[in-house]
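Below: structure20.tsv (TSV, C-alpha atoms and all ligand atoms)
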chain	number	residue	atom	x	y	z
U	6	MET	CA	-5.33	34.66	-48.20
U	7	LYS	CA	-6.53	34.92	-44.59
U	8	GLU	CA	-3.97	33.57	-42.12
U	9	LYS	CA	-5.33	30.53	-40.29
U	10	SER	CA	-6.17	31.12	-36.64
U	11	ILE	CA	-5.58	28.68	-33.81
U	12	ALA	CA	-6.59	28.59	-30.16
U	13	VAL	CA	-6.12	26.32	-27.17
U	14	ILE	CA	-9.14	25.83	-24.91
U	15	GLY	CA	-8.30	25.03	-21.27
U	16	ALA	CA	-5.36	26.70	-19.58
U	17	GLY	CA	-4.49	23.85	-17.24
U	18	LYS	CA	-1.09	22.13	-17.20
U	19	TRP	CA	-1.45	20.55	-20.63
U	20	GLY	CA	-3.29	23.43	-22.30
U	21	LEU	CA	-0.59	25.89	-21.24
U	22	SER	CA	2.15	23.60	-22.52
U	23	LEU	CA	0.43	23.07	-25.86
U	24	HIS	CA	-0.09	26.81	-26.09
U	25	PHE	CA	3.63	27.34	-25.52
U	26	ALA	CA	4.46	24.73	-28.18
U	27	LEU	CA	1.98	26.01	-30.76
U	28	SER	CA	3.08	29.62	-30.22
U	29	GLN	CA	6.54	28.81	-31.61
U	30	ARG	CA	5.34	28.67	-35.23
U	31	GLN	CA	2.31	30.98	-35.27
U	32	LYS	CA	0.23	33.24	-33.11
U	33	CYS	CA	-1.82	30.98	-30.85
U	34	LEU	CA	-4.70	32.20	-28.69
U	35	ILE	CA	-5.71	30.59	-25.41
U	36	THR	CA	-8.85	30.68	-23.31
U	37	SER	CA	-10.06	29.01	-20.14
U	38	ARG	CA	-12.95	28.94	-17.69
U	39	THR	CA	-10.92	31.06	-15.28
U	40	LYS	CA	-9.39	34.22	-16.74
U	41	ARG	CA	-5.57	34.30	-16.82
U	42	ASP	CA	-3.18	37.22	-17.15
U	43	ILE	CA	-1.15	35.65	-19.96
U	44	LYS	CA	-0.22	36.74	-23.47
U	45	ASN	CA	-2.88	36.04	-26.10
U	46	PHE	CA	-5.50	35.06	-23.52
U	47	VAL	CA	-8.90	35.74	-25.09
U	48	ASP	CA	-12.56	35.24	-24.21
U	49	LEU	CA	-14.17	31.94	-25.16
U	50	GLN	CA	-16.09	33.35	-28.12
U	51	THR	CA	-12.96	34.72	-29.76
U	52	ALA	CA	-11.29	31.33	-29.34
U	53	LEU	CA	-14.28	29.45	-30.73
U	54	ASP	CA	-14.17	31.63	-33.86
U	55	CYS	CA	-10.70	30.30	-34.72
U	56	ASP	CA	-10.19	27.84	-37.59
U	57	TYR	CA	-8.21	25.36	-35.45
U	58	LEU	CA	-8.97	24.45	-31.84
U	59	VAL	CA	-6.96	22.35	-29.41
U	60	ILE	CA	-9.19	21.32	-26.53
U	61	ALA	CA	-7.47	20.40	-23.25
U	62	ILE	CA	-10.13	20.02	-20.59
U	63	PRO	CA	-10.72	16.96	-18.39
U	64	ALA	CA	-12.51	14.06	-20.06
U	65	GLN	CA	-15.39	14.04	-17.59
U	66	GLU	CA	-16.19	17.69	-18.34
U	67	ILE	CA	-16.23	17.48	-22.13
U	68	ARG	CA	-19.88	16.58	-22.76
U	69	SER	CA	-21.28	19.39	-20.61
U	70	TRP	CA	-18.70	21.86	-21.94
U	71	LEU	CA	-19.65	21.04	-25.53
U	72	LYS	CA	-23.38	21.27	-24.77
U	73	GLU	CA	-23.02	24.62	-23.06
U	74	ASN	CA	-20.46	26.29	-25.29
U	75	PHE	CA	-19.82	24.71	-28.62
U	76	VAL	CA	-21.38	25.50	-31.99
U	77	PHE	CA	-19.82	23.82	-35.01
U	78	LYS	CA	-18.78	26.34	-37.65
U	79	GLY	CA	-16.33	24.20	-39.58
U	80	GLN	CA	-13.53	24.33	-36.99
U	81	LYS	CA	-10.79	21.68	-37.08
U	82	ILE	CA	-10.27	20.17	-33.66
U	83	LEU	CA	-7.50	18.38	-31.80
U	84	VAL	CA	-8.54	16.71	-28.57
U	85	ALA	CA	-5.79	16.66	-25.95
U	86	SER	CA	-7.71	14.89	-23.16
U	87	LYS	CA	-7.09	11.29	-22.09
U	88	GLY	CA	-9.99	9.50	-20.46
U	89	ILE	CA	-13.30	7.65	-20.83
U	90	GLU	CA	-16.54	9.21	-19.59
U	91	ALA	CA	-17.49	7.42	-16.37
U	92	SER	CA	-21.22	8.22	-16.39
U	93	SER	CA	-21.82	6.70	-19.85
U	94	GLY	CA	-18.76	4.55	-20.62
U	95	GLN	CA	-18.46	6.49	-23.88
U	96	PHE	CA	-15.15	7.18	-25.55
U	97	LEU	CA	-14.36	10.81	-26.25
U	98	ASN	CA	-14.66	10.36	-30.01
U	99	GLU	CA	-18.24	9.16	-29.46
U	100	ILE	CA	-19.04	12.24	-27.40
U	101	TYR	CA	-17.46	14.63	-29.90
U	102	ALA	CA	-19.25	12.87	-32.77
U	103	ASP	CA	-22.51	14.53	-31.70
U	104	PHE	CA	-20.92	17.95	-32.25
U	105	VAL	CA	-18.18	17.66	-34.89
U	106	PRO	CA	-17.90	15.57	-38.10
U	107	ASP	CA	-15.29	12.80	-37.84
U	108	GLU	CA	-13.11	14.27	-40.60
U	109	ASN	CA	-12.73	17.50	-38.59
U	110	ILE	CA	-11.36	15.90	-35.45
U	111	GLY	CA	-8.08	14.40	-34.27
U	112	PHE	CA	-6.79	13.06	-30.97
U	113	ILE	CA	-3.31	13.64	-29.54
U	114	SER	CA	-1.57	10.71	-27.89
U	115	GLY	CA	1.90	9.66	-26.79
U	116	PRO	CA	4.31	10.25	-23.90
U	117	SER	CA	4.19	13.95	-23.08
U	118	PHE	CA	4.49	15.33	-19.59
U	119	ALA	CA	3.33	18.94	-19.77
U	120	ALA	CA	6.15	20.03	-17.46
U	121	GLU	CA	8.74	18.93	-20.08
U	122	VAL	CA	6.89	20.23	-23.13
U	123	ILE	CA	6.66	23.69	-21.60
U	124	LYS	CA	10.46	23.72	-21.29
U	125	GLY	CA	10.80	22.91	-25.00
U	126	LEU	CA	12.29	19.47	-24.35
U	127	PRO	CA	12.03	17.05	-27.29
U	128	CYS	CA	9.08	14.70	-27.55
U	129	ALA	CA	7.11	12.66	-30.06
U	130	LEU	CA	3.33	12.72	-30.36
U	131	VAL	CA	0.77	10.93	-32.48
U	132	ILE	CA	-2.10	12.77	-34.11
U	133	ASN	CA	-4.87	10.24	-34.60
U	134	THR	CA	-7.53	11.09	-37.15
U	135	ILE	CA	-9.37	9.49	-40.02
U	136	SER	CA	-8.36	12.49	-42.14
U	137	LYS	CA	-4.75	12.56	-43.37
U	138	LYS	CA	-5.49	16.10	-44.61
U	139	LEU	CA	-6.37	17.20	-41.09
U	140	TYR	CA	-3.15	15.63	-39.82
U	141	VAL	CA	-1.08	17.58	-42.34
U	142	GLU	CA	-2.83	20.82	-41.40
U	143	PHE	CA	-2.06	20.33	-37.70
U	144	GLU	CA	1.41	18.86	-38.22
U	145	VAL	CA	2.75	22.16	-39.52
U	146	CYS	CA	1.52	23.96	-36.40
U	147	PHE	CA	3.88	22.01	-34.12
U	148	PRO	CA	7.38	23.27	-33.30
U	149	ASP	CA	10.68	21.60	-34.20
U	150	PHE	CA	11.08	20.05	-30.76
U	151	ILE	CA	7.92	17.97	-31.21
U	152	LYS	CA	7.95	15.20	-33.79
U	153	THR	CA	4.46	14.22	-34.89
U	154	TYR	CA	3.34	10.91	-36.34
U	155	TYR	CA	0.13	10.09	-38.16
U	156	SER	CA	-2.29	7.34	-37.22
U	157	SER	CA	-5.89	6.70	-38.24
U	158	ASP	CA	-6.44	4.46	-35.19
U	159	VAL	CA	-8.51	6.88	-33.14
U	160	ILE	CA	-9.97	4.25	-30.83
U	161	GLY	CA	-6.56	2.64	-30.23
U	162	ALA	CA	-5.05	5.97	-29.21
U	163	GLU	CA	-8.01	6.79	-27.03
U	164	VAL	CA	-8.01	3.47	-25.20
U	165	ALA	CA	-4.23	3.60	-24.71
U	166	GLY	CA	-4.23	7.18	-23.40
U	167	ALA	CA	-7.10	6.52	-21.02
U	168	TYR	CA	-6.05	3.05	-19.84
U	169	LYS	CA	-2.44	3.99	-19.08
U	170	ASN	CA	-3.73	6.46	-16.47
U	171	VAL	CA	-5.41	3.62	-14.58
U	172	LEU	CA	-2.26	1.49	-14.87
U	173	ALA	CA	-0.16	4.42	-13.63
U	174	ILE	CA	-2.28	4.42	-10.47
U	175	ALA	CA	-1.60	0.68	-10.11
U	176	SER	CA	2.12	1.25	-10.62
U	177	GLY	CA	2.15	4.03	-8.02
U	178	ILE	CA	0.49	1.64	-5.58
U	179	CYS	CA	3.14	-0.98	-6.37
U	180	GLU	CA	5.88	1.56	-5.67
U	181	GLY	CA	4.16	2.83	-2.51
U	182	LEU	CA	3.93	-0.71	-1.16
U	183	ASN	CA	7.66	-1.27	-1.89
U	184	LEU	CA	6.90	-4.40	-3.91
U	185	GLY	CA	10.10	-4.04	-5.92
U	186	LYS	CA	11.07	-3.47	-9.55
U	187	ASN	CA	10.26	-7.06	-10.62
U	188	ALA	CA	6.67	-6.63	-9.52
U	189	GLN	CA	6.44	-3.20	-11.13
U	190	ALA	CA	7.78	-4.41	-14.49
U	191	SER	CA	5.39	-7.38	-14.40
U	192	LEU	CA	2.48	-5.08	-13.63
U	193	ILE	CA	3.34	-2.70	-16.46
U	194	ALA	CA	3.86	-5.53	-18.97
U	195	ARG	CA	0.64	-7.29	-18.01
U	196	GLY	CA	-1.09	-3.92	-18.01
U	197	LEU	CA	0.00	-3.39	-21.58
U	198	VAL	CA	-1.45	-6.76	-22.57
U	199	GLU	CA	-4.64	-5.89	-20.70
U	200	MET	CA	-5.13	-2.54	-22.39
U	201	GLN	CA	-4.45	-4.11	-25.78
U	202	ARG	CA	-7.08	-6.78	-25.12
U	203	PHE	CA	-9.57	-4.12	-24.04
U	204	GLY	CA	-8.79	-1.93	-27.06
U	205	LYS	CA	-9.00	-4.82	-29.52
U	206	HIS	CA	-12.53	-5.49	-28.35
U	207	PHE	CA	-13.53	-1.99	-29.44
U	208	GLY	CA	-11.81	-2.24	-32.82
U	209	ALA	CA	-8.36	-0.82	-32.00
U	210	ASP	CA	-5.33	-1.79	-34.05
U	211	GLU	CA	-3.17	-3.98	-31.79
U	212	SER	CA	0.02	-2.39	-33.10
U	213	SER	CA	-0.96	1.01	-31.65
U	214	PHE	CA	-0.31	-0.42	-28.19
U	215	LEU	CA	3.32	-1.15	-29.02
U	216	GLY	CA	4.11	2.38	-30.17
U	217	LEU	CA	4.08	5.86	-28.66
U	218	SER	CA	0.37	5.88	-27.75
U	219	GLY	CA	0.51	2.59	-25.86
U	220	ALA	CA	3.86	1.39	-24.53
U	221	GLY	CA	5.40	4.86	-24.87
U	222	ASP	CA	2.88	6.67	-22.73
U	223	LEU	CA	2.43	3.74	-20.35
U	224	PHE	CA	6.17	3.39	-19.63
U	225	LEU	CA	6.40	7.13	-19.03
U	226	THR	CA	3.41	7.53	-16.78
U	227	ALA	CA	3.73	4.29	-14.85
U	228	SER	CA	7.33	4.91	-13.88
U	229	SER	CA	7.50	8.50	-12.73
U	230	THR	CA	6.35	10.64	-9.85
U	231	MET	CA	5.87	13.38	-12.45
U	232	SER	CA	2.61	11.59	-13.28
U	233	ARG	CA	-0.42	12.75	-11.29
U	234	ASN	CA	-1.99	9.31	-11.64
U	235	PHE	CA	1.14	7.61	-10.34
U	236	ARG	CA	1.09	9.97	-7.35
U	237	VAL	CA	-2.55	9.03	-6.67
U	238	GLY	CA	-1.36	5.42	-6.46
U	239	LEU	CA	1.45	6.34	-4.08
U	240	GLY	CA	-1.05	8.09	-1.83
U	241	LEU	CA	-3.46	5.15	-1.85
U	242	ALA	CA	-0.64	2.76	-0.91
U	243	ASN	CA	0.12	5.02	2.02
U	244	ASP	CA	-3.45	4.74	3.30
U	245	LYS	CA	-4.35	8.28	2.35
U	246	ASN	CA	-7.95	9.08	1.67
U	247	LEU	CA	-8.77	9.63	-2.03
U	248	ASP	CA	-10.41	13.04	-1.49
U	249	GLU	CA	-7.35	14.19	0.42
U	250	ILE	CA	-5.02	12.92	-2.34
U	251	LEU	CA	-7.00	14.68	-5.08
U	252	LYS	CA	-7.21	17.90	-3.07
U	253	GLU	CA	-3.45	17.89	-2.54
U	254	LEU	CA	-2.91	17.18	-6.24
U	255	GLY	CA	-5.00	20.18	-7.31
U	256	GLU	CA	-4.99	18.91	-10.92
U	257	VAL	CA	-6.91	16.25	-12.75
U	258	ALA	CA	-5.95	12.55	-12.40
U	259	GLU	CA	-8.05	11.01	-15.15
U	260	GLY	CA	-7.35	7.42	-14.09
U	261	VAL	CA	-9.66	7.71	-11.08
U	262	LYS	CA	-12.87	8.18	-13.09
U	263	THR	CA	-11.62	6.17	-16.05
U	264	SER	CA	-11.27	3.13	-13.78
U	265	ILE	CA	-15.05	3.30	-13.24
U	266	ALA	CA	-15.65	3.41	-17.00
U	267	ILE	CA	-13.32	0.47	-17.66
U	268	LYS	CA	-14.83	-1.60	-14.87
U	269	GLU	CA	-18.35	-1.06	-16.28
U	270	LEU	CA	-17.34	-1.59	-19.92
U	271	SER	CA	-15.37	-4.74	-19.19
U	272	LYS	CA	-18.29	-6.16	-17.23
U	273	LYS	CA	-20.77	-5.32	-19.98
U	274	HIS	CA	-18.56	-6.71	-22.77
U	275	ASN	CA	-17.07	-9.55	-20.77
U	276	ILE	CA	-13.43	-8.43	-21.17
U	277	TYR	CA	-10.76	-9.69	-18.75
U	278	THR	CA	-9.30	-6.56	-17.08
U	279	PRO	CA	-7.94	-7.71	-13.68
U	280	ILE	CA	-5.55	-4.82	-13.01
U	281	ALA	CA	-8.00	-2.04	-13.88
U	282	ASN	CA	-10.66	-3.80	-11.79
U	283	GLU	CA	-8.38	-3.89	-8.74
U	284	VAL	CA	-7.58	-0.19	-9.17
U	285	TYR	CA	-11.32	0.47	-9.19
U	286	HIS	CA	-11.76	-1.56	-6.00
U	287	ILE	CA	-8.81	0.13	-4.23
U	288	ILE	CA	-10.20	3.55	-5.12
U	289	ASN	CA	-13.44	2.35	-3.56
U	290	GLY	CA	-11.80	1.30	-0.32
U	291	LYS	CA	-10.26	-2.15	-0.85
U	292	ASN	CA	-6.96	-2.67	0.93
U	293	PRO	CA	-4.16	-2.59	-1.72
U	294	LYS	CA	-2.51	-5.61	-0.06
U	295	ASP	CA	-5.70	-7.63	-0.59
U	296	SER	CA	-5.69	-6.54	-4.23
U	297	LEU	CA	-2.12	-7.72	-4.61
U	298	ARG	CA	-3.02	-11.11	-3.14
U	299	ASP	CA	-5.98	-11.39	-5.53
U	300	LEU	CA	-3.91	-10.38	-8.55
U	301	LEU	CA	-1.24	-12.98	-7.75
U	302	LYS	CA	-3.85	-15.66	-7.18
U	303	ASN	CA	-6.14	-15.15	-10.22
U	401	LIG	N1	-0.60	17.36	-17.87
U	401	LIG	C1	-0.10	16.51	-18.77
U	401	LIG	O1	1.11	16.21	-18.75
U	401	LIG	C2	-0.99	15.93	-19.82
U	401	LIG	C3	-2.36	15.94	-19.71
U	401	LIG	N2	-3.15	15.35	-20.65
U	401	LIG	C4	-4.61	15.35	-20.54
U	401	LIG	O2	-5.10	16.68	-20.76
U	401	LIG	C5	-6.32	16.87	-20.03
U	401	LIG	C6	-6.18	18.14	-19.20
U	401	LIG	O3	-5.13	17.91	-18.30
U	401	LIG	P1	-4.35	19.09	-17.55
U	401	LIG	O4	-4.36	20.33	-18.34
U	401	LIG	O5	-3.03	18.55	-17.19
U	401	LIG	O6	-5.27	19.25	-16.26
U	401	LIG	P2	-5.35	20.44	-15.21
U	401	LIG	O7	-6.03	19.90	-14.03
U	401	LIG	O8	-4.01	21.07	-15.06
U	401	LIG	O9	-6.27	21.51	-15.94
U	401	LIG	C7	-7.54	21.22	-16.41
U	401	LIG	C8	-8.16	22.51	-16.92
U	401	LIG	O10	-9.45	22.23	-17.44
U	401	LIG	C9	-10.31	23.31	-17.17
U	401	LIG	N3	-11.62	22.80	-16.76
U	401	LIG	C10	-11.91	21.95	-15.76
U	401	LIG	N4	-13.22	21.72	-15.72
U	401	LIG	C11	-13.77	22.44	-16.71
U	401	LIG	C12	-15.10	22.64	-17.16
U	401	LIG	N5	-16.14	22.05	-16.56
U	401	LIG	N6	-15.31	23.47	-18.20
U	401	LIG	C13	-14.27	24.09	-18.79
U	401	LIG	N7	-12.99	23.94	-18.41
U	401	LIG	C14	-12.76	23.12	-17.38
U	401	LIG	C15	-9.75	24.09	-15.99
U	401	LIG	O11	-9.71	25.45	-16.39
U	401	LIG	P3	-9.68	26.67	-15.33
U	401	LIG	O12	-8.42	26.46	-14.55
U	401	LIG	O13	-9.63	27.86	-16.20
U	401	LIG	O14	-10.89	26.57	-14.49
U	401	LIG	C16	-8.35	23.52	-15.78
U	401	LIG	O15	-7.34	24.49	-15.87
U	401	LIG	C17	-6.52	15.60	-19.20
U	401	LIG	O16	-7.40	14.76	-19.88
U	401	LIG	C18	-5.13	14.96	-19.16
U	401	LIG	O17	-5.18	13.57	-19.01
U	401	LIG	C19	-2.60	14.76	-21.74
U	401	LIG	C20	-1.24	14.73	-21.92
U	401	LIG	C21	-0.34	15.31	-20.98
U	402	LIG	O1	-0.59	11.86	-19.99
U	402	LIG	C1	0.40	12.25	-19.44
U	402	LIG	C2	1.73	12.14	-20.05
U	402	LIG	O2	1.69	11.62	-21.34
U	402	LIG	C3	0.31	12.88	-18.09
U	402	LIG	O3	0.03	11.92	-17.15
U	402	LIG	P1	-0.59	12.30	-15.73
U	402	LIG	O4	-1.95	12.90	-16.00
U	402	LIG	O5	-0.64	11.06	-14.94
U	402	LIG	O6	0.33	13.34	-15.11

Could you spell out this file's structure in structure tokens?
Amino acid sequence: MKEKSIAVIGAGKWGLSLHFALSQRQKCLITSRTKRDIKNFVDLQTALDCDYLVIAIPAQEIRSWLKENFVFKGQKILVASKGIEASSGQFLNEIYADFVPDENIGFISGPSFAAEVIKGLPCALVINTISKKLYVEFEVCFPDFIKTYYSSDVIGAEVAGAYKNVLAIASGICEGLNLGKNAQASLIARGLVEMQRFGKHFGADESSFLGLSGAGDLFLTASSTMSRNFRVGLGLANDKNLDEILKELGEVAEGVKTSIAIKELSKKHNIYTPIANEVYHIINGKNPKDSLRDLLKN
């Protein structure tokens, strides 16, 4: 029987770490827009011919990347991105649905800083897919240091993974303004309630927000300078200009664009999302101290 082939698409921080992890059990190819001198780096076509694909490119780039490059040939796909498309307010599963049948796609969620995964440190991830069969096929690809869990709550995982990036920006602002640990814990706890409310509106299972995908990833990202989104918040609190912050970062901080998507979606669907809205306003120039005053007041 032909050995199954697997490739990671996108050799950024997360793609490289997933490639490292997936290479422990089997040969894993990797490709990216920019050529890299790394083992098993292949051209895009060779990667796309694999049976299993793990796609780790920024959320805002997915639609155009799929349009330009992707032809469905029965591949099984794991999406590693965390974000909501700002231009349309569409969730990633809605974008992928135009290209891949639902039973062929899964979404990774949970607390997982790339910098730790690439060192082989232990972590737990959720693979969210309507197909238990797909989960089982991907589960065996992961190394011993990663424990995987199954969930069919694709929308819950997506909302949690995207929303926590916005909340991590808020938490970074809180830290940058030296508001104290009480304020930060309150912000994170209320943020969790907020993302659950938002997710519930779109059909998410409320319990997903209390597990790895929700609380797990939120606590991680909103409490560490290892998070790019948290560092964006720190910069904003220190009156740095957003373009300057993002240039210095040199990597994607999905919360910036996702805050636009959440602001628009919550307005359209009349969902109460005060923290995400303030992040949106701060990114667009509002003084963080005014946001704090408004959050305490309303
Ligand atoms: N880093 C982490 O700890 C984690 C990240 N994630 C999520 O994974 C996703 C990717 O993050 P991460 O790898 O860290 O980000 P990086 O900024 O490190 O890398 C993103 C990669 O995407 C590729 N890319 C960017 N734009 C395009 C495009 N238009 N077409 C094709 N490829 C493109 C780039 O490839 P090239 O360099 O070749 O141009 C780049 O290396 C994000 O959604 C993030 O939220 C999820 C969990 C953990
Ligand atoms: O999603 C992540 C960890 O689970 C990474 O978060 P940042 O993109 O904020 O670094």

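Taking all atoms listed in the file into account, the protein and nucleic acid residues that come at most 7 Å from ligand LIG 401 (chain U) are Gly15, Ala16, Gly17, Lys18, Trp19, Gly20, Ser37, Arg38, Thr39, Lys40, Ala61, Ile62, Pro63, Ala64, Glu66, Trp70, Ala85, Ser86, Lys87, Gly88, Ser117, Phe118, Ala119, Ala120, Gly255, Glu256, Val257, Ala258 and Glu259 of chain U.
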
For chain U against ligand LIG 402 (chain U), with a cut-off of 9 Å and counting only C-alpha atoms and all ligand atoms, what is the closest atom pair and its distance in Å to one decimal for every residue that makes the cut, ordered by chain and number, as JSON lines?
{"residue": "U:Trp19", "atom": "CA", "partner": "U:LIG402", "partner_atom": "C3", "distance": 8.3}
{"residue": "U:Ser86", "atom": "CA", "partner": "U:LIG402", "partner_atom": "O1", "distance": 8.4}
{"residue": "U:Lys87", "atom": "CA", "partner": "U:LIG402", "partner_atom": "O1", "distance": 6.9}
{"residue": "U:Ser114", "atom": "CA", "partner": "U:LIG402", "partner_atom": "O2", "distance": 7.4}
{"residue": "U:Gly115", "atom": "CA", "partner": "U:LIG402", "partner_atom": "O2", "distance": 5.8}
{"residue": "U:Pro116", "atom": "CA", "partner": "U:LIG402", "partner_atom": "O2", "distance": 3.9}
{"residue": "U:Ser117", "atom": "CA", "partner": "U:LIG402", "partner_atom": "O2", "distance": 3.8}
{"residue": "U:Phe118", "atom": "CA", "partner": "U:LIG402", "partner_atom": "C2", "distance": 4.2}
{"residue": "U:Ala119", "atom": "CA", "partner": "U:LIG402", "partner_atom": "C3", "distance": 7.0}
{"residue": "U:Gly166", "atom": "CA", "partner": "U:LIG402", "partner_atom": "O1", "distance": 6.8}
{"residue": "U:Ala167", "atom": "CA", "partner": "U:LIG402", "partner_atom": "O1", "distance": 8.5}
{"residue": "U:Lys169", "atom": "CA", "partner": "U:LIG402", "partner_atom": "O1", "distance": 8.1}
{"residue": "U:Asn170", "atom": "CA", "partner": "U:LIG402", "partner_atom": "O5", "distance": 5.7}
{"residue": "U:Val171", "atom": "CA", "partner": "U:LIG402", "partner_atom": "O5", "distance": 8.8}
{"residue": "U:Ala173", "atom": "CA", "partner": "U:LIG402", "partner_atom": "O5", "distance": 6.8}
{"residue": "U:Ile174", "atom": "CA", "partner": "U:LIG402", "partner_atom": "O5", "distance": 8.2}
{"residue": "U:Ser218", "atom": "CA", "partner": "U:LIG402", "partner_atom": "O2", "distance": 8.7}
{"residue": "U:Gly221", "atom": "CA", "partner": "U:LIG402", "partner_atom": "O2", "distance": 8.5}
{"residue": "U:Asp222", "atom": "CA", "partner": "U:LIG402", "partner_atom": "O2", "distance": 5.3}
{"residue": "U:Leu223", "atom": "CA", "partner": "U:LIG402", "partner_atom": "O2", "distance": 8.0}
{"residue": "U:Leu225", "atom": "CA", "partner": "U:LIG402", "partner_atom": "O2", "distance": 6.9}
{"residue": "U:Thr226", "atom": "CA", "partner": "U:LIG402", "partner_atom": "O3", "distance": 5.6}
{"residue": "U:Ala227", "atom": "CA", "partner": "U:LIG402", "partner_atom": "O5", "distance": 8.1}
{"residue": "U:Ser229", "atom": "CA", "partner": "U:LIG402", "partner_atom": "O5", "distance": 8.8}
{"residue": "U:Thr230", "atom": "CA", "partner": "U:LIG402", "partner_atom": "O6", "distance": 8.4}
{"residue": "U:Met231", "atom": "CA", "partner": "U:LIG402", "partner_atom": "O6", "distance": 6.1}
{"residue": "U:Ser232", "atom": "CA", "partner": "U:LIG402", "partner_atom": "O6", "distance": 3.4}
{"residue": "U:Arg233", "atom": "CA", "partner": "U:LIG402", "partner_atom": "O6", "distance": 3.9}
{"residue": "U:Asn234", "atom": "CA", "partner": "U:LIG402", "partner_atom": "O5", "distance": 4.0}
{"residue": "U:Phe235", "atom": "CA", "partner": "U:LIG402", "partner_atom": "O5", "distance": 6.0}
{"residue": "U:Arg236", "atom": "CA", "partner": "U:LIG402", "partner_atom": "O5", "distance": 7.9}
{"residue": "U:Val237", "atom": "CA", "partner": "U:LIG402", "partner_atom": "O5", "distance": 8.7}
{"residue": "U:Glu256", "atom": "CA", "partner": "U:LIG402", "partner_atom": "O4", "distance": 8.4}
{"residue": "U:Val257", "atom": "CA", "partner": "U:LIG402", "partner_atom": "O4", "distance": 6.8}
{"residue": "U:Ala258", "atom": "CA", "partner": "U:LIG402", "partner_atom": "O4", "distance": 5.4}
{"residue": "U:Glu259", "atom": "CA", "partner": "U:LIG402", "partner_atom": "O4", "distance": 6.4}
{"residue": "U:Gly260", "atom": "CA", "partner": "U:LIG402", "partner_atom": "O5", "distance": 7.7}

Per residue of region 242-267 of chain U within 12 Å of region 96-105 of chain U, record the nearest atom pair and its distance in Å to one decimal, counting only C-alpha atoms, with rows in chain order and ascending residue number, as CSV.
residue,atom,partner,partner_atom,distance
U:Thr263,CA,U:Phe96,CA,10.2
U:Ala266,CA,U:Phe96,CA,9.4
U:Ile267,CA,U:Phe96,CA,10.5

Output file for the residues above (C-alpha atoms, as a CSV table (one decimal), keeping the file's coordinate frame):
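Contents of out_5.csv, as written:
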chain,number,residue,atom,x,y,z
U,263,THR,CA,-11.6,6.2,-16.0
U,266,ALA,CA,-15.6,3.4,-17.0
U,267,ILE,CA,-13.3,0.5,-17.7

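Using only C-alpha atoms, the nearest neighbour of Met200 (chain U) within the list U:Ser264, U:Ser22, U:Gln50, U:Asn183 is U:Ser264.
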
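Within 12 Å of the file-frame point (-14.6, 32.8, -29.9), and using all atoms listed in the file, the polymer residues found are U:Ser10, U:Ile11, U:Ala12, U:Val13, U:Ile14, U:Leu34, U:Ile35, U:Thr36, U:Ser37, U:Phe46, U:Val47, U:Asp48, U:Leu49, U:Gln50, U:Thr51, U:Ala52, U:Leu53, U:Asp54, U:Cys55, U:Asp56, U:Tyr57, U:Leu58, U:Asn74, U:Phe75, U:Val76, U:Phe77, U:Lys78, U:Gln80.
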
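Taking CA of Gly238 (chain U) and CA of Gly216 (chain U) as endpoints, the distance between them is 24.5 Å.
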
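CA of Gly79 (chain U) is positioned 14.4 Å from CA of Ser136 (chain U).
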
Of the listed residues U:Val141, U:Ile60, U:Val159, U:Cys179, that which approaches Ser228 (chain U) most closely, counting all atoms listed in the file: U:Cys179

Top pick for closest residue to Arg195 (chain U), considering U:Gly94, U:Gly111, U:Gly125, U:Pro279 and counting only C-alpha atoms: U:Pro279

Best match for closeness to Ala129 (chain U) among U:Glu144, U:Ser28, U:Leu217, U:Ser176, counting only C-alpha atoms: U:Leu217

Point-to-point distance from CA of Asp158 (chain U) to CA of Asn133 (chain U), Å rounded to tenths: 6.0 Å

Surrounding residues of region 207-215 of chain U excluding itself and chain neighbours under 3 positions, 9 Å, all atoms listed in the file, as a PyMOL selection string: chain U and resi 156+158-162+164-165+197-198+200-204+218-221

Using the selection just defined, write its residues with C-alpha atoms as a PDB file, in the frame of the given file.
ATOM      1  CA  SER U 156      -2.290   7.340 -37.220  1.00  0.00           C
ATOM      2  CA  ASP U 158      -6.440   4.460 -35.190  1.00  0.00           C
ATOM      3  CA  VAL U 159      -8.510   6.880 -33.140  1.00  0.00           C
ATOM      4  CA  ILE U 160      -9.970   4.250 -30.830  1.00  0.00           C
ATOM      5  CA  GLY U 161      -6.560   2.640 -30.230  1.00  0.00           C
ATOM      6  CA  ALA U 162      -5.050   5.970 -29.210  1.00  0.00           C
ATOM      7  CA  VAL U 164      -8.010   3.470 -25.200  1.00  0.00           C
ATOM      8  CA  ALA U 165      -4.230   3.600 -24.710  1.00  0.00           C
ATOM      9  CA  LEU U 197       0.000  -3.390 -21.580  1.00  0.00           C
ATOM     10  CA  VAL U 198      -1.450  -6.760 -22.570  1.00  0.00           C
ATOM     11  CA  MET U 200      -5.130  -2.540 -22.390  1.00  0.00           C
ATOM     12  CA  GLN U 201      -4.450  -4.110 -25.780  1.00  0.00           C
ATOM     13  CA  ARG U 202      -7.080  -6.780 -25.120  1.00  0.00           C
ATOM     14  CA  PHE U 203      -9.570  -4.120 -24.040  1.00  0.00           C
ATOM     15  CA  GLY U 204      -8.790  -1.930 -27.060  1.00  0.00           C
ATOM     16  CA  SER U 218       0.370   5.880 -27.750  1.00  0.00           C
ATOM     17  CA  GLY U 219       0.510   2.590 -25.860  1.00  0.00           C
ATOM     18  CA  ALA U 220       3.860   1.390 -24.530  1.00  0.00           C
ATOM     19  CA  GLY U 221       5.400   4.860 -24.870  1.00  0.00           C
TER      20      GLY U 221
END

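Distances to Pro293 (chain U) were evaluated for U:Gln189, U:Ser93, U:Asn243, U:Gln31 using only C-alpha atoms, and the minimum falls at U:Asn243.
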